[in-house]
Amino acid sequence: MDAVRLPDLVDDHLAEARRHDHGRSAQALHPGRQHQLRQTLIAMVEGTALGEHQAPGEATLQVLRGRVRLSSADSATEASAGDLVIIPAERHDLHALEDAAVLLTTIVPLTTIVPEES
């Protein structure tokens with residue numbers, strides 16, 4: 001069984017995000033394209049954003065550090081460390097209100113899963 005120490009990853013990715021002009025760093029934590037469940041750590045420097053994009057299916061956002069705002073055409077939600085937000089099934093964006101790290105968990109329908117190469 002593998003374990004991931006999230007506080008250490010958050011520190012590493014926030015440091016990495018500060019080194020980049022786009023102010024972000026991310027890492028897939030759960031095995032990727034051949035699985036329905038996907039988890040990604042995303043670190044963002046205050047003032048940066050993930051521009052508007054379509055929801056990837058069922059998804060949640062857990063704020064591990066800092067504060068973020070998740071916005072869609074119909075609503076906006078601010079969330080802080082410890083909050084879990086259900087991502088709306090519509091176009092949305094994410095803004096870092098301060099240096100922040102989030103854990104994005106998505107469920108991708110089986111029809112969109114890419115088979116493993118042999």
# chains A, B, ... in the order shown; residues from 1 in each chain; ligands from 1
>>> residues_around(residues="Glu58 of chain A", least_positions_apart="3", cutoff="8 Å", atoms="only C-alpha atoms", output="ChimeraX atom specification")
/A:55,87,89,106-108
>>> write_last_selection(atoms="N, CA and C atoms", output="PDB file, in the first residue's frame")
ATOM      1  N   ALA A  55     -16.204  21.094 -16.627  1.00  0.00           N
ATOM      2  CA  ALA A  55     -16.055  20.098 -15.575  1.00  0.00           C
ATOM      3  C   ALA A  55     -15.752  18.746 -16.208  1.00  0.00           C
ATOM      4  N   ILE A  87     -17.695  20.343  -7.364  1.00  0.00           N
ATOM      5  CA  ILE A  87     -17.520  21.158  -8.568  1.00  0.00           C
ATOM      6  C   ILE A  87     -18.768  21.023  -9.434  1.00  0.00           C
ATOM      7  N   ALA A  89     -21.244  20.752 -12.591  1.00  0.00           N
ATOM      8  CA  ALA A  89     -21.098  20.082 -13.887  1.00  0.00           C
ATOM      9  C   ALA A  89     -21.312  21.080 -15.016  1.00  0.00           C
ATOM     10  N   THR A 106     -11.581  13.477  -9.376  1.00  0.00           N
ATOM     11  CA  THR A 106     -12.544  13.352 -10.465  1.00  0.00           C
ATOM     12  C   THR A 106     -12.861  11.884 -10.729  1.00  0.00           C
ATOM     13  N   ILE A 107     -14.048  11.661 -11.229  1.00  0.00           N
ATOM     14  CA  ILE A 107     -14.458  10.356 -11.733  1.00  0.00           C
ATOM     15  C   ILE A 107     -14.673  10.539 -13.225  1.00  0.00           C
ATOM     16  N   VAL A 108     -13.940   9.775 -14.017  1.00  0.00           N
ATOM     17  CA  VAL A 108     -14.022   9.884 -15.465  1.00  0.00           C
ATOM     18  C   VAL A 108     -14.785   8.676 -15.995  1.00  0.00           C
TER      19      VAL A 108
END
>>> select_by_dssp(residues="chain A", states="strand (DSSP E or B)", output="ChimeraX atom specification")
/A:24-28,37-44,49-53,58-65,67-72,76-80,84-86,92-96,100-107
>>> select_by_dssp(residues="chain A", states="helix (DSSP H, G or I)", output="PyMOL selection string")
chain A and resi 6-19+110-112
>>> residues_around(residues="Val85 of chain A", least_positions_apart="6", cutoff="8 Å", atoms="only C-alpha atoms", output="mmCIF file with C-alpha atoms, in the first residue's frame")
data_model
loop_
_atom_site.group_PDB
_atom_site.id
_atom_site.type_symbol
_atom_site.label_atom_id
_atom_site.label_comp_id
_atom_site.auth_asym_id
_atom_site.auth_seq_id
_atom_site.Cartn_x
_atom_site.Cartn_y
_atom_site.Cartn_z
ATOM 1 C CA THR A 60 -14.673 17.589 -5.855
ATOM 2 C CA LEU A 61 -12.085 20.083 -4.716
ATOM 3 C CA GLN A 62 -10.568 19.800 -1.244
ATOM 4 C CA ALA A 79 -13.251 27.928 0.215
#
>>> closest_atom_pairs(of="segment 69-98 of chain A", to="segment 12-33 of chain A", cutoff="12 Å", atoms="only C-alpha atoms", output="tab-separated table")
residue	atom	partner	partner_atom	distance
A:Leu94	CA	A:Arg24	CA	11.8
A:His95	CA	A:Arg24	CA	11.1
A:Ala96	CA	A:Gly23	CA	9.9
A:Glu98	CA	A:Leu14	CA	11.3
>>> write_last_selection(atoms="N, CA and C atoms", output="short mmCIF file (atom, residue, chain, number, x, y, z; two decimals), in the first residue's frame")
data_model
loop_
_atom_site.label_atom_id
_atom_site.label_comp_id
_atom_site.auth_asym_id
_atom_site.auth_seq_id
_atom_site.Cartn_x
_atom_site.Cartn_y
_atom_site.Cartn_z
N LEU A 94 -11.07 28.64 -11.41
CA LEU A 94 -10.56 28.59 -10.05
C LEU A 94 -9.51 29.66 -9.89
N HIS A 95 -9.67 30.50 -8.85
CA HIS A 95 -8.73 31.58 -8.56
C HIS A 95 -8.13 31.38 -7.17
N ALA A 96 -6.83 31.61 -7.07
CA ALA A 96 -6.16 31.56 -5.77
C ALA A 96 -6.27 32.94 -5.12
N GLU A 98 -5.20 33.49 -2.11
CA GLU A 98 -3.89 33.55 -1.45
C GLU A 98 -3.16 32.28 -1.91
#
>>> atom_distance(atom1="atom CA of Thr77 of chain A", atom2="atom CA of Pro109 of chain A")
25.9 Å
>>> atom_distance(atom1="atom CA of Ala73 of chain A", atom2="atom CA of Gln36 of chain A")
27.2 Å
>>> atom_distance(atom1="atom CA of Ala100 of chain A", atom2="atom CA of Thr48 of chain A")
9.9 Å
>>> residues_around(residues="Arg5 of chain A", least_positions_apart="4", cutoff="12 Å", atoms="only C-alpha atoms", output="list of chain:residue names")
A:Leu9, A:Val10, A:Asp11, A:Asp12, A:Leu29, A:Leu41, A:Leu64
>>> closest_residue(among="A:Asp2, A:Glu52, A:Asp8, A:Glu46", to="Asp93 of chain A", atoms="only C-alpha atoms")
A:Glu52
>>> residues_around(residues="Leu97 of chain A", least_positions_apart="5", cutoff="10 Å", atoms="only C-alpha atoms", output="list in words")
Met44, Val45, Glu46, Gly47, Thr48, Ala49, Gly66, Arg67, Val68, Arg69, Glu78, Ala79 and Ser80 of chain A
>>> write_last_selection(atoms="N, CA, C and O atoms", output="JSON list (two decimals), in the first residue's frame")
[["chain", "number", "residue", "atom", "x", "y", "z"],
["A", 44, "MET", "N", -1.19, 26.79, -6.36],
["A", 44, "MET", "CA", -1.34, 28.05, -7.09],
["A", 44, "MET", "C", -0.88, 29.21, -6.21],
["A", 44, "MET", "O", -1.23, 29.27, -5.03],
["A", 45, "VAL", "N", -0.15, 30.13, -6.81],
["A", 45, "VAL", "CA", 0.29, 31.33, -6.12],
["A", 45, "VAL", "C", -0.86, 32.33, -6.09],
["A", 45, "VAL", "O", -1.66, 32.40, -7.04],
["A", 46, "GLU", "N", -0.94, 33.11, -5.04],
["A", 46, "GLU", "CA", -1.99, 34.13, -4.91],
["A", 46, "GLU", "C", -2.11, 34.94, -6.19],
["A", 46, "GLU", "O", -1.11, 35.37, -6.77],
["A", 47, "GLY", "N", -3.35, 35.11, -6.65],
["A", 47, "GLY", "CA", -3.63, 35.92, -7.84],
["A", 47, "GLY", "C", -3.63, 35.14, -9.14],
["A", 47, "GLY", "O", -4.02, 35.67, -10.17],
["A", 48, "THR", "N", -3.22, 33.87, -9.12],
["A", 48, "THR", "CA", -3.24, 33.08, -10.35],
["A", 48, "THR", "C", -4.58, 32.36, -10.48],
["A", 48, "THR", "O", -5.35, 32.28, -9.53],
["A", 49, "ALA", "N", -4.83, 31.84, -11.68],
["A", 49, "ALA", "CA", -6.12, 31.18, -11.94],
["A", 49, "ALA", "C", -5.95, 30.03, -12.90],
["A", 49, "ALA", "O", -5.00, 29.99, -13.69],
["A", 66, "GLY", "N", -4.54, 27.50, 2.19],
["A", 66, "GLY", "CA", -4.89, 28.77, 1.57],
["A", 66, "GLY", "C", -6.38, 28.94, 1.33],
["A", 66, "GLY", "O", -7.21, 28.28, 1.94],
["A", 67, "ARG", "N", -6.69, 29.85, 0.38],
["A", 67, "ARG", "CA", -8.08, 30.17, 0.03],
["A", 67, "ARG", "C", -8.20, 30.27, -1.47],
["A", 67, "ARG", "O", -7.33, 30.83, -2.14],
["A", 68, "VAL", "N", -9.33, 29.76, -1.99],
["A", 68, "VAL", "CA", -9.61, 29.81, -3.43],
["A", 68, "VAL", "C", -11.06, 30.23, -3.66],
["A", 68, "VAL", "O", -11.88, 30.18, -2.74],
["A", 69, "ARG", "N", -11.35, 30.65, -4.90],
["A", 69, "ARG", "CA", -12.72, 30.93, -5.31],
["A", 69, "ARG", "C", -13.01, 30.11, -6.56],
["A", 69, "ARG", "O", -12.29, 30.21, -7.56],
["A", 78, "GLU", "N", -16.27, 30.67, -2.18],
["A", 78, "GLU", "CA", -14.93, 30.79, -1.61],
["A", 78, "GLU", "C", -14.74, 29.65, -0.64],
["A", 78, "GLU", "O", -15.66, 29.29, 0.10],
["A", 79, "ALA", "N", -13.54, 29.05, -0.65],
["A", 79, "ALA", "CA", -13.25, 27.93, 0.21],
["A", 79, "ALA", "C", -11.86, 28.10, 0.81],
["A", 79, "ALA", "O", -10.95, 28.62, 0.15],
["A", 80, "SER", "N", -11.70, 27.63, 2.04],
["A", 80, "SER", "CA", -10.44, 27.72, 2.78],
["A", 80, "SER", "C", -9.97, 26.33, 3.15],
["A", 80, "SER", "O", -10.72, 25.34, 3.05]]
